[in-house]
$ cat data35.cif   # mmCIF, C-alpha atoms and all ligand atoms
data_final
#
loop_
_atom_site.group_PDB
_atom_site.id
_atom_site.type_symbol
_atom_site.label_atom_id
_atom_site.label_comp_id
_atom_site.auth_asym_id
_atom_site.auth_seq_id
_atom_site.Cartn_x
_atom_site.Cartn_y
_atom_site.Cartn_z
ATOM 1 C CA MET A 25 -5.399 -4.592 9.157
ATOM 2 C CA TYR A 26 -4.052 -6.509 6.196
ATOM 3 C CA HIS A 27 -3.088 -5.303 2.734
ATOM 4 C CA ARG A 28 -1.737 -8.217 0.726
ATOM 5 C CA ILE A 29 -1.530 -11.993 0.766
ATOM 6 C CA ALA A 30 1.653 -12.372 -1.224
ATOM 7 C CA GLU A 31 5.365 -13.050 -0.974
ATOM 8 C CA GLU A 32 7.127 -10.113 -2.614
ATOM 9 C CA GLU A 33 10.876 -9.642 -2.613
ATOM 10 C CA ILE A 34 10.350 -5.878 -2.396
ATOM 11 C CA ASP A 35 7.987 -4.957 0.416
ATOM 12 C CA PRO A 36 9.183 -1.749 2.123
ATOM 13 C CA TRP A 37 6.045 -1.336 4.216
ATOM 14 C CA ARG A 38 5.857 -4.999 5.249
ATOM 15 C CA LEU A 39 2.397 -5.294 3.737
ATOM 16 C CA CYS A 40 2.731 -8.892 2.565
ATOM 17 C CA VAL A 41 1.542 -11.868 4.596
ATOM 18 C CA SER A 42 2.110 -15.331 3.139
ATOM 19 C CA ALA A 43 -0.924 -17.476 2.343
ATOM 20 C CA ARG A 44 0.403 -20.093 4.777
ATOM 21 C CA HIS A 45 0.540 -17.594 7.644
ATOM 22 C CA PHE A 46 -2.799 -16.039 6.733
ATOM 23 C CA ASP A 47 -4.414 -19.453 6.888
ATOM 24 C CA GLN A 48 -2.886 -19.948 10.342
ATOM 25 C CA HIS A 49 -4.311 -16.555 11.371
ATOM 26 C CA LEU A 50 -7.763 -17.640 10.222
ATOM 27 C CA GLN A 51 -7.516 -20.856 12.217
ATOM 28 C CA VAL A 52 -6.445 -18.977 15.355
ATOM 29 C CA LEU A 53 -9.120 -16.307 14.973
ATOM 30 C CA LYS A 54 -11.843 -18.827 14.276
ATOM 31 C CA GLU A 55 -10.936 -21.051 17.210
ATOM 32 C CA ARG A 56 -10.210 -18.366 19.803
ATOM 33 C CA ALA A 57 -12.169 -15.289 18.723
ATOM 34 C CA HIS A 58 -15.321 -14.228 16.900
ATOM 35 C CA PRO A 59 -14.533 -12.908 13.412
ATOM 36 C CA MET A 60 -17.213 -10.609 11.974
ATOM 37 C CA THR A 61 -17.487 -7.988 9.281
ATOM 38 C CA LEU A 62 -17.169 -4.396 10.488
ATOM 39 C CA ALA A 63 -20.817 -3.708 9.645
ATOM 40 C CA GLY A 64 -21.745 -6.957 11.401
ATOM 41 C CA LEU A 65 -19.891 -5.933 14.534
ATOM 42 C CA ALA A 66 -21.540 -2.495 14.508
ATOM 43 C CA ALA A 67 -24.976 -4.122 14.194
ATOM 44 C CA ALA A 68 -24.210 -6.561 17.007
ATOM 45 C CA VAL A 69 -22.999 -3.796 19.321
ATOM 46 C CA GLY A 70 -26.066 -1.708 18.411
ATOM 47 C CA GLU A 71 -28.350 -4.582 19.408
ATOM 48 C CA GLY A 72 -26.404 -5.372 22.566
ATOM 49 C CA ARG A 73 -25.239 -8.703 21.108
ATOM 50 C CA TYR A 74 -21.579 -7.855 21.707
ATOM 51 C CA ALA A 75 -19.379 -10.938 21.376
ATOM 52 C CA LYS A 76 -16.348 -11.289 23.595
ATOM 53 C CA ARG A 77 -13.180 -11.279 21.538
ATOM 54 C CA ALA A 78 -14.999 -10.010 18.495
ATOM 55 C CA VAL A 79 -12.451 -9.418 15.759
ATOM 56 C CA VAL A 80 -12.721 -7.871 12.289
ATOM 57 C CA ILE A 81 -10.299 -8.818 9.533
ATOM 58 C CA THR A 82 -9.858 -5.845 7.197
ATOM 59 C CA PHE A 83 -7.998 -5.547 3.905
ATOM 60 C CA ASP A 84 -7.068 -2.106 2.530
ATOM 61 C CA ASP A 85 -6.446 -0.914 -1.029
ATOM 62 C CA GLY A 86 -8.068 -3.648 -3.168
ATOM 63 C CA TYR A 87 -5.044 -5.636 -4.320
ATOM 64 C CA ARG A 88 -5.917 -8.471 -6.645
ATOM 65 C CA ASP A 89 -4.401 -11.039 -4.292
ATOM 66 C CA ASN A 90 -7.215 -10.192 -1.867
ATOM 67 C CA ALA A 91 -9.536 -11.833 -4.410
ATOM 68 C CA THR A 92 -7.260 -14.613 -5.628
ATOM 69 C CA ARG A 93 -5.525 -15.612 -2.372
ATOM 70 C CA ALA A 94 -7.243 -14.149 0.682
ATOM 71 C CA TYR A 95 -10.827 -14.676 -0.401
ATOM 72 C CA PRO A 96 -10.592 -18.437 -1.164
ATOM 73 C CA LEU A 97 -9.043 -19.003 2.281
ATOM 74 C CA LEU A 98 -11.753 -16.918 3.964
ATOM 75 C CA VAL A 99 -14.384 -18.974 2.140
ATOM 76 C CA ARG A 100 -12.765 -22.295 3.013
ATOM 77 C CA ARG A 101 -12.582 -21.399 6.703
ATOM 78 C CA GLU A 102 -15.918 -19.509 6.596
ATOM 79 C CA VAL A 103 -14.386 -16.407 8.142
ATOM 80 C CA PRO A 104 -16.042 -13.047 7.379
ATOM 81 C CA ALA A 105 -13.962 -9.949 6.566
ATOM 82 C CA THR A 106 -14.227 -6.367 5.329
ATOM 83 C CA PHE A 107 -12.404 -5.242 2.171
ATOM 84 C CA PHE A 108 -11.774 -1.505 1.702
ATOM 85 C CA LEU A 109 -11.376 -0.740 -1.998
ATOM 86 C CA THR A 110 -9.642 2.169 -3.709
ATOM 87 C CA VAL A 111 -12.759 2.638 -5.789
ATOM 88 C CA GLY A 112 -11.319 4.631 -8.686
ATOM 89 C CA CYS A 113 -8.672 1.927 -9.219
ATOM 90 C CA ILE A 114 -11.016 -1.081 -9.534
ATOM 91 C CA GLY A 115 -10.231 -2.821 -12.814
ATOM 92 C CA SER A 116 -7.161 -0.680 -13.507
ATOM 93 C CA GLU A 117 -4.124 -2.394 -15.012
ATOM 94 C CA ARG A 118 -1.795 0.132 -13.398
ATOM 95 C CA PRO A 119 0.001 -0.693 -10.182
ATOM 96 C CA PHE A 120 -0.381 1.641 -7.206
ATOM 97 C CA TRP A 121 2.176 4.469 -7.396
ATOM 98 C CA TRP A 122 4.007 3.370 -4.244
ATOM 99 C CA ASP A 123 4.609 -0.058 -5.753
ATOM 100 C CA THR A 124 6.027 1.514 -8.909
ATOM 101 C CA LEU A 125 8.304 3.697 -6.784
ATOM 102 C CA ALA A 126 9.513 0.696 -4.785
ATOM 103 C CA GLU A 127 10.188 -1.275 -7.972
ATOM 104 C CA VAL A 128 12.366 1.528 -9.336
ATOM 105 C CA LEU A 129 14.192 2.611 -6.173
ATOM 106 C CA LEU A 130 14.582 -0.715 -4.391
ATOM 107 C CA ARG A 131 15.276 -3.142 -7.249
ATOM 108 C CA ALA A 132 18.379 -1.322 -8.602
ATOM 109 C CA GLU A 133 21.752 -2.210 -7.122
ATOM 110 C CA LEU A 134 23.268 1.067 -8.344
ATOM 111 C CA LEU A 135 21.541 4.456 -8.749
ATOM 112 C CA PRO A 136 22.937 7.829 -9.921
ATOM 113 C CA PRO A 137 24.324 10.146 -7.185
ATOM 114 C CA GLU A 138 21.667 12.859 -7.314
ATOM 115 C CA LEU A 139 17.919 13.041 -7.928
ATOM 116 C CA ALA A 140 16.184 16.350 -8.623
ATOM 117 C CA LEU A 141 12.390 16.549 -8.962
ATOM 118 C CA SER A 142 9.920 19.357 -9.341
ATOM 119 C CA ALA A 143 6.134 19.470 -9.388
ATOM 120 C CA GLY A 144 4.145 22.680 -9.567
ATOM 121 C CA SER A 145 5.803 25.163 -7.236
ATOM 122 C CA VAL A 146 7.754 22.588 -5.222
ATOM 123 C CA SER A 147 11.119 21.061 -6.031
ATOM 124 C CA GLU A 148 13.595 18.902 -4.179
ATOM 125 C CA THR A 149 17.081 17.511 -4.690
ATOM 126 C CA TRP A 150 18.365 14.400 -2.967
ATOM 127 C CA ARG A 151 22.082 13.543 -2.837
ATOM 128 C CA LEU A 152 22.152 9.782 -2.464
ATOM 129 C CA GLY A 153 25.628 9.283 -0.972
ATOM 130 C CA ASP A 154 25.703 5.759 0.480
ATOM 131 C CA ALA A 155 22.202 5.161 -0.887
ATOM 132 C CA CYS A 156 23.665 4.830 -4.419
ATOM 133 C CA HIS A 157 24.626 1.255 -3.660
ATOM 134 C CA TYR A 158 22.137 -1.334 -2.485
ATOM 135 C CA GLY A 159 23.816 -4.648 -1.904
ATOM 136 C CA ALA A 160 22.530 -8.047 -0.858
ATOM 137 C CA GLU A 161 23.436 -7.434 2.792
ATOM 138 C CA ASP A 162 21.489 -4.168 2.930
ATOM 139 C CA ARG A 163 18.488 -5.933 1.412
ATOM 140 C CA LEU A 164 18.590 -8.719 3.938
ATOM 141 C CA ALA A 165 18.895 -6.270 6.820
ATOM 142 C CA ASP A 166 15.974 -4.220 5.476
ATOM 143 C CA CYS A 167 13.797 -7.337 5.275
ATOM 144 C CA ALA A 168 14.319 -7.856 8.979
ATOM 145 C CA CYS A 169 13.719 -4.286 10.126
ATOM 146 C CA ASP A 170 10.507 -2.511 10.974
ATOM 147 C CA PRO A 171 9.829 0.458 8.645
ATOM 148 C CA TRP A 172 9.353 2.816 11.614
ATOM 149 C CA GLU A 173 12.256 1.705 13.775
ATOM 150 C CA GLY A 174 14.832 3.820 11.958
ATOM 151 C CA ARG A 175 17.334 1.025 11.376
ATOM 152 C CA ALA A 176 16.707 0.929 7.637
ATOM 153 C CA SER A 177 19.543 1.031 5.088
ATOM 154 C CA HIS A 178 20.515 4.295 3.390
ATOM 155 C CA ARG A 179 18.618 3.172 0.259
ATOM 156 C CA LEU A 180 15.437 2.309 2.115
ATOM 157 C CA ARG A 181 15.563 5.636 3.968
ATOM 158 C CA PHE A 182 16.004 7.388 0.615
ATOM 159 C CA PHE A 183 12.920 5.521 -0.650
ATOM 160 C CA TYR A 184 10.886 6.666 2.371
ATOM 161 C CA ARG A 185 11.922 10.308 1.814
ATOM 162 C CA VAL A 186 10.931 10.266 -1.861
ATOM 163 C CA TRP A 187 7.685 8.460 -0.974
ATOM 164 C CA GLU A 188 6.874 11.180 1.587
ATOM 165 C CA TRP A 189 7.557 13.889 -0.985
ATOM 166 C CA LEU A 190 5.365 12.244 -3.651
ATOM 167 C CA ARG A 191 2.463 11.396 -1.366
ATOM 168 C CA PRO A 192 0.682 14.785 -1.188
ATOM 169 C CA LEU A 193 1.122 15.595 -4.902
ATOM 170 C CA PRO A 194 -1.841 15.699 -7.286
ATOM 171 C CA ASP A 195 -2.023 12.509 -9.398
ATOM 172 C CA THR A 196 -0.799 14.093 -12.632
ATOM 173 C CA ASP A 197 2.218 15.705 -10.926
ATOM 174 C CA ARG A 198 3.040 12.457 -9.155
ATOM 175 C CA ASP A 199 2.790 10.457 -12.385
ATOM 176 C CA ALA A 200 5.142 12.914 -14.090
ATOM 177 C CA ALA A 201 7.587 12.707 -11.183
ATOM 178 C CA LEU A 202 7.463 8.887 -11.274
ATOM 179 C CA ALA A 203 8.198 8.892 -15.001
ATOM 180 C CA GLU A 204 11.126 11.209 -14.318
ATOM 181 C CA ILE A 205 12.427 8.891 -11.576
ATOM 182 C CA GLU A 206 12.232 5.947 -13.981
ATOM 183 C CA ARG A 207 14.179 7.841 -16.640
ATOM 184 C CA TRP A 208 16.726 8.933 -14.028
ATOM 185 C CA SER A 209 17.239 5.405 -12.710
ATOM 186 C CA GLY A 210 17.863 4.046 -16.219
ATOM 187 C CA ILE A 211 16.366 0.765 -15.073
ATOM 188 C CA PRO A 212 13.340 -0.773 -16.729
ATOM 189 C CA ARG A 213 10.927 -1.903 -14.059
ATOM 190 C CA GLY A 214 9.308 -5.280 -13.907
ATOM 191 C CA ARG A 215 5.665 -5.225 -12.951
ATOM 192 C CA PRO A 216 4.646 -8.242 -10.973
ATOM 193 C CA ALA A 217 1.199 -9.343 -12.153
ATOM 194 C CA GLU A 218 0.009 -9.799 -8.578
ATOM 195 C CA SER A 219 0.374 -6.081 -7.894
ATOM 196 C CA ARG A 220 -2.628 -5.409 -10.085
ATOM 197 C CA VAL A 221 -5.813 -4.370 -8.413
ATOM 198 C CA MET A 222 -9.062 -6.324 -8.373
ATOM 199 C CA SER A 223 -11.238 -6.393 -11.466
ATOM 200 C CA THR A 224 -14.890 -5.350 -11.428
ATOM 201 C CA ASP A 225 -15.913 -8.999 -11.862
ATOM 202 C CA GLU A 226 -13.810 -10.051 -8.881
ATOM 203 C CA VAL A 227 -15.376 -7.342 -6.711
ATOM 204 C CA LEU A 228 -18.883 -8.353 -7.799
ATOM 205 C CA ALA A 229 -18.233 -12.052 -7.177
ATOM 206 C CA ILE A 230 -16.894 -11.373 -3.687
ATOM 207 C CA ASP A 231 -19.823 -9.091 -2.870
ATOM 208 C CA ALA A 232 -22.317 -11.681 -4.132
ATOM 209 C CA GLY A 233 -20.730 -14.328 -1.885
ATOM 210 C CA GLY A 234 -22.058 -12.477 1.180
ATOM 211 C CA LEU A 235 -19.095 -13.388 3.386
ATOM 212 C CA VAL A 236 -17.109 -10.197 2.801
ATOM 213 C CA GLU A 237 -18.338 -6.665 3.397
ATOM 214 C CA ILE A 238 -17.103 -4.199 0.779
ATOM 215 C CA GLY A 239 -16.126 -0.782 2.130
ATOM 216 C CA ALA A 240 -14.622 2.315 0.521
ATOM 217 C CA HIS A 241 -11.038 3.587 0.727
ATOM 218 C CA SER A 242 -11.499 6.820 -1.300
ATOM 219 C CA LEU A 243 -11.400 7.133 -5.091
ATOM 220 C CA THR A 244 -7.661 7.499 -5.711
ATOM 221 C CA HIS A 245 -6.064 6.712 -2.332
ATOM 222 C CA ALA A 246 -5.479 10.412 -1.708
ATOM 223 C CA ALA A 247 -3.875 11.757 1.457
ATOM 224 C CA LEU A 248 -7.191 13.364 2.457
ATOM 225 C CA PRO A 249 -6.194 15.913 5.139
ATOM 226 C CA GLN A 250 -3.755 17.496 2.687
ATOM 227 C CA LEU A 251 -6.526 18.225 0.170
ATOM 228 C CA PRO A 252 -8.890 21.230 0.081
ATOM 229 C CA GLU A 253 -12.354 20.472 1.470
ATOM 230 C CA ASP A 254 -13.998 20.156 -1.966
ATOM 231 C CA ALA A 255 -11.410 17.661 -3.176
ATOM 232 C CA GLN A 256 -11.737 15.631 0.026
ATOM 233 C CA ARG A 257 -15.504 15.541 -0.388
ATOM 234 C CA HIS A 258 -15.114 14.406 -3.992
ATOM 235 C CA GLU A 259 -12.844 11.523 -2.901
ATOM 236 C CA ILE A 260 -15.145 10.465 -0.072
ATOM 237 C CA VAL A 261 -18.598 10.952 -1.606
ATOM 238 C CA GLY A 262 -17.396 9.729 -5.007
ATOM 239 C CA SER A 263 -16.050 6.485 -3.572
ATOM 240 C CA LYS A 264 -19.375 5.809 -1.849
ATOM 241 C CA SER A 265 -21.584 6.551 -4.842
ATOM 242 C CA HIS A 266 -19.396 4.694 -7.358
ATOM 243 C CA LEU A 267 -19.244 1.628 -5.168
ATOM 244 C CA GLU A 268 -22.980 1.703 -4.447
ATOM 245 C CA ASP A 269 -23.718 2.027 -8.189
ATOM 246 C CA LEU A 270 -21.469 -0.955 -8.845
ATOM 247 C CA LEU A 271 -22.785 -3.175 -6.047
ATOM 248 C CA GLY A 272 -26.397 -2.056 -6.055
ATOM 249 C CA HIS A 273 -26.642 -1.696 -2.275
ATOM 250 C CA PRO A 274 -25.497 0.719 0.451
ATOM 251 C CA VAL A 275 -21.831 0.919 1.468
ATOM 252 C CA THR A 276 -21.441 1.983 5.098
ATOM 253 C CA SER A 277 -17.784 1.480 6.086
ATOM 254 C CA PHE A 278 -14.801 3.649 5.152
ATOM 255 C CA ALA A 279 -11.057 3.448 5.768
ATOM 256 C CA TYR A 280 -8.867 6.557 5.561
ATOM 257 C CA PRO A 281 -6.054 6.190 2.970
ATOM 258 C CA PHE A 282 -2.690 6.169 4.804
ATOM 259 C CA GLY A 283 -4.843 6.421 7.926
ATOM 260 C CA GLY A 284 -4.842 10.180 7.276
ATOM 261 C CA HIS A 285 -7.705 12.110 8.809
ATOM 262 C CA ASN A 286 -8.472 15.234 10.815
ATOM 263 C CA ALA A 287 -11.706 16.615 12.255
ATOM 264 C CA GLU A 288 -12.771 17.920 8.845
ATOM 265 C CA THR A 289 -12.122 14.562 7.135
ATOM 266 C CA ALA A 290 -14.074 12.657 9.773
ATOM 267 C CA THR A 291 -17.010 15.073 9.459
ATOM 268 C CA LEU A 292 -17.015 14.735 5.665
ATOM 269 C CA VAL A 293 -17.046 10.929 5.988
ATOM 270 C CA ARG A 294 -20.003 11.112 8.381
ATOM 271 C CA ASP A 295 -21.861 13.633 6.227
ATOM 272 C CA ALA A 296 -21.327 11.424 3.158
ATOM 273 C CA GLY A 297 -23.445 8.808 4.908
ATOM 274 C CA PHE A 298 -20.771 6.396 6.085
ATOM 275 C CA ALA A 299 -21.621 4.925 9.473
ATOM 276 C CA ARG A 300 -18.020 4.262 10.578
ATOM 277 C CA ALA A 301 -14.388 4.682 9.545
ATOM 278 C CA CYS A 302 -11.085 2.957 10.292
ATOM 279 C CA THR A 303 -7.770 4.661 10.964
ATOM 280 C CA THR A 304 -4.338 3.015 11.065
ATOM 281 C CA ARG A 305 -3.836 4.048 14.684
ATOM 282 C CA PRO A 306 -2.848 0.912 16.565
ATOM 283 C CA GLY A 307 -5.140 -0.420 19.245
ATOM 284 C CA ARG A 308 -8.244 -2.316 20.140
ATOM 285 C CA VAL A 309 -11.758 -0.968 19.726
ATOM 286 C CA GLN A 310 -13.313 -0.040 23.058
ATOM 287 C CA THR A 311 -17.045 -0.014 23.737
ATOM 288 C CA ARG A 312 -17.207 3.781 23.684
ATOM 289 C CA ALA A 313 -14.902 4.197 20.674
ATOM 290 C CA ASP A 314 -15.394 7.072 18.245
ATOM 291 C CA VAL A 315 -16.856 5.121 15.310
ATOM 292 C CA TYR A 316 -15.196 7.523 12.852
ATOM 293 C CA ARG A 317 -11.738 6.867 14.355
ATOM 294 C CA LEU A 318 -11.580 3.115 14.856
ATOM 295 C CA PRO A 319 -8.069 1.821 15.637
ATOM 296 C CA ARG A 320 -6.606 -1.289 14.021
ATOM 297 C CA VAL A 321 -3.684 -3.670 14.375
ATOM 298 C CA ALA A 322 -1.309 -3.796 11.401
ATOM 299 C CA VAL A 323 -0.672 -7.504 10.838
ATOM 300 C CA ALA A 324 2.769 -8.504 9.539
ATOM 301 C CA ASP A 325 3.926 -11.873 8.234
ATOM 302 C CA TRP A 326 3.676 -13.567 11.644
ATOM 303 C CA ASP A 327 2.747 -17.176 12.225
ATOM 304 C CA GLY A 328 -0.564 -17.967 13.928
ATOM 305 C CA GLU A 329 0.825 -18.070 17.476
ATOM 306 C CA GLU A 330 2.605 -14.745 17.049
ATOM 307 C CA LEU A 331 -0.647 -13.152 15.860
ATOM 308 C CA ALA A 332 -2.446 -14.568 18.907
ATOM 309 C CA ARG A 333 0.248 -13.261 21.275
ATOM 310 C CA ARG A 334 0.082 -9.783 19.758
ATOM 311 C CA LEU A 335 -3.704 -9.595 19.802
ATOM 312 C CA TRP A 336 -4.192 -10.892 23.325
ATOM 313 C CA ARG A 337 -1.429 -8.564 24.530
ATOM 314 C CA LEU A 338 -3.814 -5.727 23.622
ATOM 315 C CA GLY A 339 -6.086 -7.038 26.340
ATOM 316 C CA ALA A 340 -8.582 -8.647 23.988
HETATM 317 ZN ZN ZN A 401 -4.494 2.128 1.740
#
$ encode --input "data35.cif" --output "structure tokens"
Amino acid sequence: MYHRIAEEEIDPWRLCVSARHFDQHLQVLKERAHPMTLAGLAAAVGEGRYAKRAVVITFDDGYRDNATRAYPLLVRREVPATFFLTVGCIGSERPFWWDTLAEVLLRAELLPPELALSAGSVSETWRLGDACHYGAEDRLADCACDPWEGRASHRLRFFYRVWEWLRPLPDTDRDAALAEIERWSGIPRGRPAESRVMSTDEVLAIDAGGLVEIGAHSLTHAALPQLPEDAQRHEIVGSKSHLEDLLGHPVTSFAYPFGGHNAETATLVRDAGFARACTTRPGRVQTRADVYRLPRVAVADWDGEELARRLWRLGA
């Protein structure tokens, strides 16, 4: 599971893999495994043509660098992949909300001592304490730590708490809260051009190339299990129909935004006509896997050998 081929200074979720490392990954996977699209793997398994060490490269979200950096390398090495697009964001000039939040909260060296936000019936106040200051040493330490290991700086932990609070909000409430956070920080944000999402033309060109399978990742990257059933269905069915209208052919693979799913979400995905869905649960796909709960391996900015070690350690 990849998200971005980029080298960003601010990358709190460790989503960026450098083009150099990604190219090494492709070499390793091509030489020692059998890269396929997710739909291709499903077809092969269905026909009993299961390849040992079959591997599927997936990209979530639809960042523009998937088209400008990942795709040319995939083409050059002739390695298939599956891209899961946040369908309602295709062609949008706006960055994803979590990138905006990171720009505001993690670029500033000094922030005010208290942040109060409210949205609908919920409100929250954070006292920043040591998180007010974010020095060069904190930054360096954060670059080296895993987001889930709990050794993050006070500022990075503050970012994660605000992120968690914003995540389930309806889009309009979240946008208002983000605008409030920007005002509060007093710091104009820079928007790196590479954070933009793919354009319609880029999606169409990749689809026409035939090497990459296009899958859906909801309409707005909503945290699905936190939505009422109707809203979940709208996100799931809408992403399928919009993408199929755009591409002119069926779309059969889905990835849950934030990996979030429960029994209801999985049923809605199946009923929408998707044939399979990926989670973010770590692991390797077993022969008898639940096709609506496929595990993945989150790939960080490792070199080729490190990727190989981590994959083969799974018993592949
Ligand atoms: Zn995502």
$ resolve_selection --input "data35.cif" --expression "the PyMOL selection byres (((chain A and resi 225-235) around 10) and not hetatm)" --output "PyMOL selection string"
chain A and resi 60-61+86+88+90-92+95-96+98-99+102-107+109+114-115+221-224+236-238+267+270-272
$ atom_distance --input "data35.cif" --atom1 "CA of Val52 (chain A)" --atom2 "CA of Gly328 (chain A)"
6.1 Å
$ atom_distance --input "data35.cif" --atom1 "CA of Leu193 (chain A)" --atom2 "CA of Phe120 (chain A)"
14.2 Å
$ residues_near_ligand --input "data35.cif" --ligand "ligand ZN 401 (chain A)" --cutoff "8 Å" --atoms "all atoms listed in the file" --output "list in words"
His27, Asp84, Asp85, Thr110, His241, His245, Ala279, Tyr280, Pro281, Phe282 and Gly283 of chain A
$ closest_atom_pairs --input "data35.cif" --of "region 296-328 of chain A" --to "region 70-82 of chain A" --cutoff "10 Å" --atoms "all atoms listed in the file" --output "Markdown table"
| residue | atom | partner | partner_atom | distance |
| --- | --- | --- | --- | --- |
| A:Cys302 | CA | A:Thr82 | CA | 9.4 |
| A:Arg308 | CA | A:Val79 | CA | 9.3 |
| A:Val309 | CA | A:Val79 | CA | 9.4 |
| A:Thr311 | CA | A:Tyr74 | CA | 9.3 |
| A:Arg320 | CA | A:Thr82 | CA | 8.8 |
| A:Val321 | CA | A:Ile81 | CA | 9.7 |
| A:Ala322 | CA | A:Thr82 | CA | 9.7 |
| A:Val323 | CA | A:Ile81 | CA | 9.8 |
$ atom_distance --input "data35.cif" --atom1 "CA of Pro306 (chain A)" --atom2 "CA of Leu50 (chain A)"
20.2 Å
$ resolve_selection --input "data35.cif" --expression "the PyMOL selection byres (((chain A and resi 180-188) around 10) and not hetatm)" --output "PyMOL selection string"
chain A and resi 36-37+121-122+125-126+128-130+139+141+148-156+158+162-163+166+171+174-179+189-193+205
$ write_last_selection --input "data35.cif" --atoms "C-alpha atoms" --output "mmCIF file, in the coordinates of the input"
data_model
loop_
_atom_site.group_PDB
_atom_site.id
_atom_site.type_symbol
_atom_site.label_atom_id
_atom_site.label_comp_id
_atom_site.auth_asym_id
_atom_site.auth_seq_id
_atom_site.Cartn_x
_atom_site.Cartn_y
_atom_site.Cartn_z
ATOM 1 C CA PRO A 36 9.183 -1.749 2.123
ATOM 2 C CA TRP A 37 6.045 -1.336 4.216
ATOM 3 C CA TRP A 121 2.176 4.469 -7.396
ATOM 4 C CA TRP A 122 4.007 3.370 -4.244
ATOM 5 C CA LEU A 125 8.304 3.697 -6.784
ATOM 6 C CA ALA A 126 9.513 0.696 -4.785
ATOM 7 C CA VAL A 128 12.366 1.528 -9.336
ATOM 8 C CA LEU A 129 14.192 2.611 -6.173
ATOM 9 C CA LEU A 130 14.582 -0.715 -4.391
ATOM 10 C CA LEU A 139 17.919 13.041 -7.928
ATOM 11 C CA LEU A 141 12.390 16.549 -8.962
ATOM 12 C CA GLU A 148 13.595 18.902 -4.179
ATOM 13 C CA THR A 149 17.081 17.511 -4.690
ATOM 14 C CA TRP A 150 18.365 14.400 -2.967
ATOM 15 C CA ARG A 151 22.082 13.543 -2.837
ATOM 16 C CA LEU A 152 22.152 9.782 -2.464
ATOM 17 C CA GLY A 153 25.628 9.283 -0.972
ATOM 18 C CA ASP A 154 25.703 5.759 0.480
ATOM 19 C CA ALA A 155 22.202 5.161 -0.887
ATOM 20 C CA CYS A 156 23.665 4.830 -4.419
ATOM 21 C CA TYR A 158 22.137 -1.334 -2.485
ATOM 22 C CA ASP A 162 21.489 -4.168 2.930
ATOM 23 C CA ARG A 163 18.488 -5.933 1.412
ATOM 24 C CA ASP A 166 15.974 -4.220 5.476
ATOM 25 C CA PRO A 171 9.829 0.458 8.645
ATOM 26 C CA GLY A 174 14.832 3.820 11.958
ATOM 27 C CA ARG A 175 17.334 1.025 11.376
ATOM 28 C CA ALA A 176 16.707 0.929 7.637
ATOM 29 C CA SER A 177 19.543 1.031 5.088
ATOM 30 C CA HIS A 178 20.515 4.295 3.390
ATOM 31 C CA ARG A 179 18.618 3.172 0.259
ATOM 32 C CA TRP A 189 7.557 13.889 -0.985
ATOM 33 C CA LEU A 190 5.365 12.244 -3.651
ATOM 34 C CA ARG A 191 2.463 11.396 -1.366
ATOM 35 C CA PRO A 192 0.682 14.785 -1.188
ATOM 36 C CA LEU A 193 1.122 15.595 -4.902
ATOM 37 C CA ILE A 205 12.427 8.891 -11.576
#
$ closest_residue --input "data35.cif" --among "A:Asn286, A:Glu330, A:Ala299, A:Leu97" --to "Val315 (chain A)" --atoms "all atoms listed in the file"
A:Ala299
$ residues_around --input "data35.cif" --residues "Ser242 (chain A)" --least-positions-apart "5" --cutoff "10 Å" --atoms "all atoms listed in the file" --output "ChimeraX atom specification"
/A:85,108-113,247-248,256-264,278-281
$ write_last_selection --input "data35.cif" --atoms "C-alpha atoms" --output "compact mmCIF listing (two decimals), in the frame of the given file"
# COMPACT_ATOMS: atom_id res chain seq x y z
CA ASP A 85 -6.45 -0.91 -1.03
CA PHE A 108 -11.77 -1.50 1.70
CA LEU A 109 -11.38 -0.74 -2.00
CA THR A 110 -9.64 2.17 -3.71
CA VAL A 111 -12.76 2.64 -5.79
CA GLY A 112 -11.32 4.63 -8.69
CA CYS A 113 -8.67 1.93 -9.22
CA ALA A 247 -3.88 11.76 1.46
CA LEU A 248 -7.19 13.36 2.46
CA GLN A 256 -11.74 15.63 0.03
CA ARG A 257 -15.50 15.54 -0.39
CA HIS A 258 -15.11 14.41 -3.99
CA GLU A 259 -12.84 11.52 -2.90
CA ILE A 260 -15.14 10.46 -0.07
CA VAL A 261 -18.60 10.95 -1.61
CA GLY A 262 -17.40 9.73 -5.01
CA SER A 263 -16.05 6.48 -3.57
CA LYS A 264 -19.38 5.81 -1.85
CA PHE A 278 -14.80 3.65 5.15
CA ALA A 279 -11.06 3.45 5.77
CA TYR A 280 -8.87 6.56 5.56
CA PRO A 281 -6.05 6.19 2.97
$ resolve_selection --input "data35.cif" --expression "the PyMOL selection byres (((chain A and resi 329) around 12) and not hetatm)" --output "VMD selection string"
chain A and resid 45 to 53 56 325 to 328 330 to 336
$ write_last_selection --input "data35.cif" --atoms "C-alpha atoms" --output "tab-separated table (two decimals), keeping the file's coordinate frame"
chain	number	residue	atom	x	y	z
A	45	HIS	CA	0.54	-17.59	7.64
A	46	PHE	CA	-2.80	-16.04	6.73
A	47	ASP	CA	-4.41	-19.45	6.89
A	48	GLN	CA	-2.89	-19.95	10.34
A	49	HIS	CA	-4.31	-16.56	11.37
A	50	LEU	CA	-7.76	-17.64	10.22
A	51	GLN	CA	-7.52	-20.86	12.22
A	52	VAL	CA	-6.44	-18.98	15.36
A	53	LEU	CA	-9.12	-16.31	14.97
A	56	ARG	CA	-10.21	-18.37	19.80
A	325	ASP	CA	3.93	-11.87	8.23
A	326	TRP	CA	3.68	-13.57	11.64
A	327	ASP	CA	2.75	-17.18	12.22
A	328	GLY	CA	-0.56	-17.97	13.93
A	330	GLU	CA	2.60	-14.74	17.05
A	331	LEU	CA	-0.65	-13.15	15.86
A	332	ALA	CA	-2.45	-14.57	18.91
A	333	ARG	CA	0.25	-13.26	21.28
A	334	ARG	CA	0.08	-9.78	19.76
A	335	LEU	CA	-3.70	-9.60	19.80
A	336	TRP	CA	-4.19	-10.89	23.32
